[in-house]
Every structure is written in C-alpha cells, then in structure tokens.
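Some notes on the structure that comes next.
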Amino acid sequence: MDGKRQLLLTLAILLGWMPAVSFWLNPPVLIGDEAYYARVPVEMRERGDWLVPYFNGEPRYKKPPLMYWLVAVSQRIFGENEVASRLPSLIAVILTSLLLLWFGLKTGFVEVGAWAAAMFLLNPMTAVLGNWGAPEATLCFFVTASILLGLLWIRDRSLSLLLVSGAAAGLGVLTKGAPGLVLPAMVLFPLAFWRTWTKQSEKASWSQWVKLGAQIVLWLAICSAIAAPWFLLVSMREGEAFWQVFLLREHIRRVAEPMEGHRGPLWYYLLVIWLLFLPWSTCLPHALVNALKPPRQLPVGENHFIATSMVWWAISIVGLFSLVATKLPHYIFPAFPALAWLCAFQTESEASKSEVALGILLALLPVIGALYGISVLPNIYTELLRKLGFEPDAELKALKFALNLITFGFTSALMAWLLSSAFRFPSVSKSRWSALLVSGAILTATTFGFLSTLMEASGGRDAVKLWAKFKHLATFGSDTEWAVFYAQKPVSLLGRDKQRLRELLANYPDAAILARVDFAPALRDEGLNLVRFGFWCVAFRTVDHRTAAISE
C-alpha cells in the first residue's frame with residue numbers, strides 16, 4: 001500500500017472523528033441503556049458485590065457482568081462520569097478496526113484491511129455506538145475477534161488460533177449473553193465444514209472429519225470455560241429468579257415476540273444498513289455480487305474463501321436478527337466489519353454504468369427523505385408541544401440545525417458519486433473511492449454534530465440538575481432510567497402507574513417527578529407545577545427560593 005493512500009485514509013479518519021473531541025470534552029447526558037452500565041458498577045462497588053449486578057437497589061439479571069466490570073475499571077481511573085462510562089465502547093471500536101487491519105496483514109490483503117478499517121470507523125452506526133456506553137461495541141469486538149481468528153484457524157488449522165477464537169467468544173457471552181456464542185459459531189462452523197468438504201479428495205478421509213469435530217468441541221469447551229463460571233455462581237446464589245429473567249425473558253421471549261414495541265418488517269435491517277452504513281452501503285449490492293462470483297472469475301489464492309466467508313458472516317447475522325421478533329438497529333452491528341471488508345475488497349475494481357446508477361439512486365433517496373424531514377418535523381414537534389400546553393423554545397432552532405447538519409452529511413454521499421462519475425479523472429476507480437472516503441469522513445463528523453446538538457437540545461442535563469436538588473425523587477413515564485445515575489441514590493421509577501404516583505405524592509408531598517414532556521398532562525392532573533427543559537420536565541408541588549430561581 002503506497003504512502004499517499006495511507007495518508008489519505010489516516011486523514012479521513014481523523015477528520016471524521018475530530019468532532020468526537022468536543023463530544024468527550026463536553027459530554028452530553030447519558031441516555032437509554034447507558035444509565036444501567038454507568039450506575040450498576042457504582043452499586044456493585046457500594047455493595048462490595050461484583051458477582052450480581054444491581055440497579056436502583058434491585059438485582060439486574062438482564063445482562064452478564066463484563067461490560068459492568070469494564071466500566072468499573074474506567075470509573076476507577078476517570079471518576080463516575082459520562083466519559084468513563086462511554087470509554088470502553090470507544091476503545092472497542094478502535095480495537096475492532098485494528099483487527100481488520102491485522103487480518104489484512106495476515107492474509108496478504110494489506111490494502112483491503114486498511115480500507116476495511118477506515119470504512120468500519122467512518123459511518124453513522126459506528127460513530128453512535130462507539131460513543132454510547134452500552135455493550136454493543138464491545139460485543140462487536142469480541143465477535144469480530146472470534147470470527148477473524150476462527151477464519152485463520154479454518155485456513156491454517158492452528159490450535160492456538162482455535163483456542164483464542166473460543167476464548168473471545170466466551171468473553172462475548174460474558175458481554176451480552178447468547179449472541180457472543182451464537183454469532184461466531186453460526187459463522188465459523190458451516191465455513192469449517194465447507195472448507196473441509198472442498199479440500200477433500202473423492203475418497204473422503206473420516207479422520208479429518210473426526211478431527212474437525214474434536215476441534216469444534218474444543219472451541220465450545222474453551223468458550224464455556226470462560227463464560228460458565230459466572231453463570232454457575234449466579235445461579236447457585238440467585239436460583240430460578242435469574243434464569244426467569246436472563247434466559248426466558250431476555251432471550252427466548254425477545255426472540256419469540258416484540259418487546260417494548262421494538263418490532264419491524266422482515267426487511268427492517270436492510271433499511272438500517274442502507275442508512276447507517278452510508279456512504280458505503282451504496283456500494284454493497286455490487287460488492288456482494290462480485291464476492292460470490294465463481295472462483296475462476298476471481299484472482300488466484302485465498303480471495304474466494306475470504307470473500308465468501310465475509311458474505312456468509314454478513315448474511316447470517318443480518319438474516320438471523322431479521323427472523324427475531326424484537327428488532328433494534330444495533331443488533332446487527334457485529335455484521336459491520338464484514339460489510340466493511342466486502343466494500344474494501346472492491347476498491348481496485350472499475351465501476352460499471354449500472355453500479356454508478358444504483359449508487360447515485362441509493363445516495364439520492366436519503367437526501368430526499370432528510371429534506372422532507374426538515375420541512376415537516378419542526379412543525380410536528382411544535383404542534384405536539386402546543387397540545388401538551390407548552391410553547392417551543394431554543395430547542396426548536398437546535399432541532400432544525402441538527403436536521404440540516406445530517407442532511408449535509410447525506411448529501412456528501414450523493415456528491416461523491418456525482419462528481420466521481422461526471423469528471424474524467426486519471427483513475428476513475430480511485431477517484432470514486434477517494435470521494436466516498438471524504439464523504440464517509442463528512443458523514444461521520446456530521447453524525448457527531450447531529451447527536452451533540454439533539455442531546456444538548458433535549459434539556460436533560462438542566463432538568464436533572466433541578467430534579468436532583470429535591471430530597472425525594474421519582475420518575476414517571478417511559479425512558480427515565482438514565483436519571484438514576486445522576487440522583488446517586490435509589491429512585492422511585494413509577495412507570496405509567498398513576499396510582500403509584502398518587503401514593504408517592506401522598507407520602508412525600510415535596511417530591512420532584514422527572515418525566516418526558518408527553519407525560520406532562522398526567523402530572524398536571526395531580527396539581528403539580530411543571531418546569532420544562534427541552535424534551536423533559538420536572539414536576540413538584542412546592543416551590544422554594546432555589547427552584548424559583550432556576551425556573552426563571
């Protein structure tokens with residue numbers, strides 16, 4: 001790989017991730033599942049119990065402990081704050097990109113590995129999950145490590161690679177449960193059987209099949225040796241209650257039926273890949289077709305095995321989660337390293353007219369959708385607030401800015417295709433990928449800006465500052481668990497139960513209630529005063545001099 005190409009990839013990554021510096025120097029409040037992974041380590045440390053996770057004073061059986069332990073180490077070094085809670089995810093995406101680079105070196109595809117590493121880092125999904133204090137990025141790292149090491153084991157039959165691959169899968173299980181085992185096994189085992197079958201002579205050697213079976217058993221044994229001790233210890237201590245939540249609710253039920261309203265059609269993840277893997281998703285259709293060409297149409301060597309393996313990696317993970325009833329965008333993140341490799345594999349190929357036309361179309365449609373969003377979303381938000389009895393404030397301007405920012409990012413992908421196809425550069429192929437690389441950097445940077453603007457406009461930090469000043473704290477409605485981290489003590493999470501709300505106010509008339517603005521009518525019905533901060537509001541009955549000052 002020449003020095004100019006290395007410099008271009010490095011500069012693109014630095015440009016795309018430069019806004020993350022501001023994101024980390026002035027971190028937004030924790031949101032969603034981040035609260036669990038930030039607060040649980042604190043409670044584990046306070047209880048002196050590193051075995052069973054606790055959140056808000058109650059056992060949290062949903063997930064294994066490795067992510068909590070990693071955050072605990074980070075908090076020990078950097079303090080109990082947003083940066084420490086998100087740092088393991090950032091490290092995980094960096095390590096995943098380095099794994100792709102290393103795999104390229106080991107297989108002789110140095111330039112492909114470098115491009116794959118850059119593509120993995122320069123897209124909206126990685127930008128979000130690499131700065132989100134939840135286990136998705138860490139799981140992706142362990143799954144990627146297990147699969148890449150496993151592919152080298154399949155090729156070389158190296159026992160040491162097999163052992164490390166199984167160990168990585170075990171750590172993946174300790175990160176998020178069954179996906180840590182199922183995903184790499186689902187990718188590697190069929191490939192190992194296929195490789196053995198294609199390498200056989202007409203008279204199949206049973207000894208080779210027995211050896212393969214023994215190696216797979218060893219892989220599973222190593223994975224189990226890493227993960228099983230924690231499950232056994234927790235099971236012995238917590239009994240059936242643990243398995244009711246962890247196995248039945250979080251695995252079986254999540255597969256069988258949509259949980260918490262997270263459902264979608266069979267093609268749900270195709271849309272996720274299209275939008276969140278931009279600009280590279282515009283190249284994916286032809287990348288998949290080219291990777292599946294018969295071996296005689298590909299260069300000699302290991303190209304066909306690796307290309308086919310990457311296709312199977314991506315399709316198997318996306319296909320599996322497409323069949324699962326509960327759907328969330330980040331579920332398929334472990335497929336992104338394979339998608340990045342498939343696109344990187346095409347960087348030296350010339351684009352056909354059909355590929356250019358399809359690339360322009362796939363880049364154009366998100367721009368049209370974003371422009372439509374700019375025209376309608378601010379009005380929808382304004383109407384919603386007015387129905388709830390509020391008038392929009394500065395957050396409306398921030399919302400418009402955020403929408404314009406992400407539209408600019410989407411537009412960069414379209415411009416990359418148009419410019420590289422409209423002008424006759426010395427190398428059309430290189431100009432196309434260079435333009436897409438610049439687009440990836442712009443889209444990643446604008447994703448950071450979009451997130452920072454929205455999260456600042458949400459008003460969560462100001463809301464929680466006021467709320468935490470009260471002695472008795474509670475939350476009402478949905479998506480309020482994040483506030484527990486800032487309360488630094490157990491909080492009454494009332495859900496949507498109005499009866500519990502009335503009982504709490506009867507016992508603690510001076511309590512403060514944190515809620516999203518869409519739950520404001522229910523709080524007004526109880527005669528509470530409301531102070532709105534963006535998407536959040538704080539409700540209370542009494543107003544002292546401190547609250548009055550903040551309210552003004």
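To be explicit about the labels: the chains of the structure tokens are called A, B, and onward in the order shown, and within each one the residues are counted from 1, while ligands get numbers from 1 in the order they are shown.
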
List the spatial neighbours of A:Leu504 as a ChimeraX atom specification - criterion: any atom at most 9 Å away, only C-alpha atoms, same-chain residues fewer than 5 positions off excluded. /A:474,492,499,509,511

Put those residues in a file: C-alpha atoms, as an mmCIF file, in the first residue's frame.
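As a result, result_21.cif now contains:
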data_model
loop_
_atom_site.group_PDB
_atom_site.id
_atom_site.type_symbol
_atom_site.label_atom_id
_atom_site.label_comp_id
_atom_site.auth_asym_id
_atom_site.auth_seq_id
_atom_site.Cartn_x
_atom_site.Cartn_y
_atom_site.Cartn_z
ATOM 1 C CA ALA A 474 -39.172 9.855 41.400
ATOM 2 C CA SER A 492 -38.866 5.516 42.586
ATOM 3 C CA GLN A 499 -51.973 5.144 41.383
ATOM 4 C CA PRO A 509 -45.689 15.982 49.135
ATOM 5 C CA ALA A 511 -41.164 15.049 45.951
#

Leaving out A:Arg516 and any residue of its chain fewer than 4 positions from it, which residues lie within 9 Å of it when counting only C-alpha atoms, given as a VMD selection string? chain A and resid 476 to 480 520 535 to 538

Write out as a list in words each polymer residue whose atoms come within 10 Å of A:Gly369, counting only C-alpha atoms; drop sequence neighbours fewer than 5 positions from it.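 That gives Leu364, Ile374, Thr407 and Phe410 of chain A.
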
Taking a cut-off of 12 Å and counting only C-alpha atoms, can you build a table that, for each residue of stretch 128-175 of chain A near stretch 305-318 of chain A, reports the nearest atom pair and how far apart they are in Å (one decimal), sorted by chain then residue number, as a Markdown table?
| residue | atom | partner | partner_atom | distance |
| --- | --- | --- | --- | --- |
| A:Cys140 | CA | A:Ile317 | CA | 11.6 |
| A:Val143 | CA | A:Trp313 | CA | 10.6 |
| A:Thr144 | CA | A:Trp313 | CA | 9.9 |
| A:Ser146 | CA | A:Trp313 | CA | 11.8 |
| A:Ile147 | CA | A:Trp313 | CA | 8.5 |
| A:Leu148 | CA | A:Met310 | CA | 9.8 |
| A:Gly150 | CA | A:Ser309 | CA | 10.8 |
| A:Leu151 | CA | A:Ser309 | CA | 8.0 |
| A:Leu152 | CA | A:Ile306 | CA | 9.8 |
| A:Ile154 | CA | A:Phe305 | CA | 10.2 |
| A:Arg155 | CA | A:Phe305 | CA | 8.9 |

Once you have the residues from the selection above, write them out as a PDB file, in the first residue's frame, restricted to N, CA and C atoms.
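File written: result24.pdb
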ATOM      1  N   CYS A 140     -19.380  -6.440  19.550  1.00  0.00           N
ATOM      2  CA  CYS A 140     -18.894  -6.461  18.176  1.00  0.00           C
ATOM      3  C   CYS A 140     -17.402  -6.784  18.138  1.00  0.00           C
ATOM      4  N   VAL A 143     -16.958 -10.596  18.981  1.00  0.00           N
ATOM      5  CA  VAL A 143     -17.457 -11.418  17.879  1.00  0.00           C
ATOM      6  C   VAL A 143     -16.503 -11.330  16.690  1.00  0.00           C
ATOM      7  N   THR A 144     -16.051 -10.114  16.379  1.00  0.00           N
ATOM      8  CA  THR A 144     -15.105  -9.937  15.275  1.00  0.00           C
ATOM      9  C   THR A 144     -13.798 -10.677  15.537  1.00  0.00           C
ATOM     10  N   SER A 146     -13.338 -13.289  17.460  1.00  0.00           N
ATOM     11  CA  SER A 146     -13.579 -14.723  17.388  1.00  0.00           C
ATOM     12  C   SER A 146     -13.673 -15.188  15.936  1.00  0.00           C
ATOM     13  N   ILE A 147     -14.384 -14.425  15.091  1.00  0.00           N
ATOM     14  CA  ILE A 147     -14.572 -14.844  13.700  1.00  0.00           C
ATOM     15  C   ILE A 147     -13.275 -14.733  12.903  1.00  0.00           C
ATOM     16  N   LEU A 148     -12.565 -13.620  13.024  1.00  0.00           N
ATOM     17  CA  LEU A 148     -11.336 -13.452  12.237  1.00  0.00           C
ATOM     18  C   LEU A 148     -10.278 -14.483  12.639  1.00  0.00           C
ATOM     19  N   GLY A 150     -11.004 -17.320  13.969  1.00  0.00           N
ATOM     20  CA  GLY A 150     -11.560 -18.591  13.525  1.00  0.00           C
ATOM     21  C   GLY A 150     -11.340 -18.836  12.044  1.00  0.00           C
ATOM     22  N   LEU A 151     -11.415 -17.787  11.230  1.00  0.00           N
ATOM     23  CA  LEU A 151     -11.153 -17.943   9.796  1.00  0.00           C
ATOM     24  C   LEU A 151      -9.702 -18.363   9.547  1.00  0.00           C
ATOM     25  N   LEU A 152      -8.785 -17.795  10.312  1.00  0.00           N
ATOM     26  CA  LEU A 152      -7.388 -18.204  10.181  1.00  0.00           C
ATOM     27  C   LEU A 152      -7.190 -19.636  10.665  1.00  0.00           C
ATOM     28  N   ILE A 154      -9.491 -22.012  10.417  1.00  0.00           N
ATOM     29  CA  ILE A 154     -10.029 -22.843   9.338  1.00  0.00           C
ATOM     30  C   ILE A 154      -9.020 -22.972   8.211  1.00  0.00           C
ATOM     31  N   ARG A 155      -8.333 -21.888   7.919  1.00  0.00           N
ATOM     32  CA  ARG A 155      -7.360 -21.920   6.830  1.00  0.00           C
ATOM     33  C   ARG A 155      -6.097 -22.694   7.195  1.00  0.00           C
TER      34      ARG A 155
END

Given only C-alpha atoms as the counted atoms, nearest of A:Arg461, A:Val164, A:Thr10, A:Leu501 to A:Ala487: A:Arg461

I'd like the neighbourhood of A:Asp393 as a ChimeraX atom specification, where a residue qualifies if any of its atoms comes within 12 Å (using only C-alpha atoms), though same-chain residues fewer than 5 positions away should be ignored. /A:378,381-382,385-386,398-399,457-459,532-535

I'd like the neighbourhood of A:Leu163 as a PyMOL selection string, where a residue qualifies if any of its atoms comes within 8 Å (using only C-alpha atoms), though same-chain residues fewer than 2 positions away should be ignored. chain A and resi 159-161+165-167+218-219+222
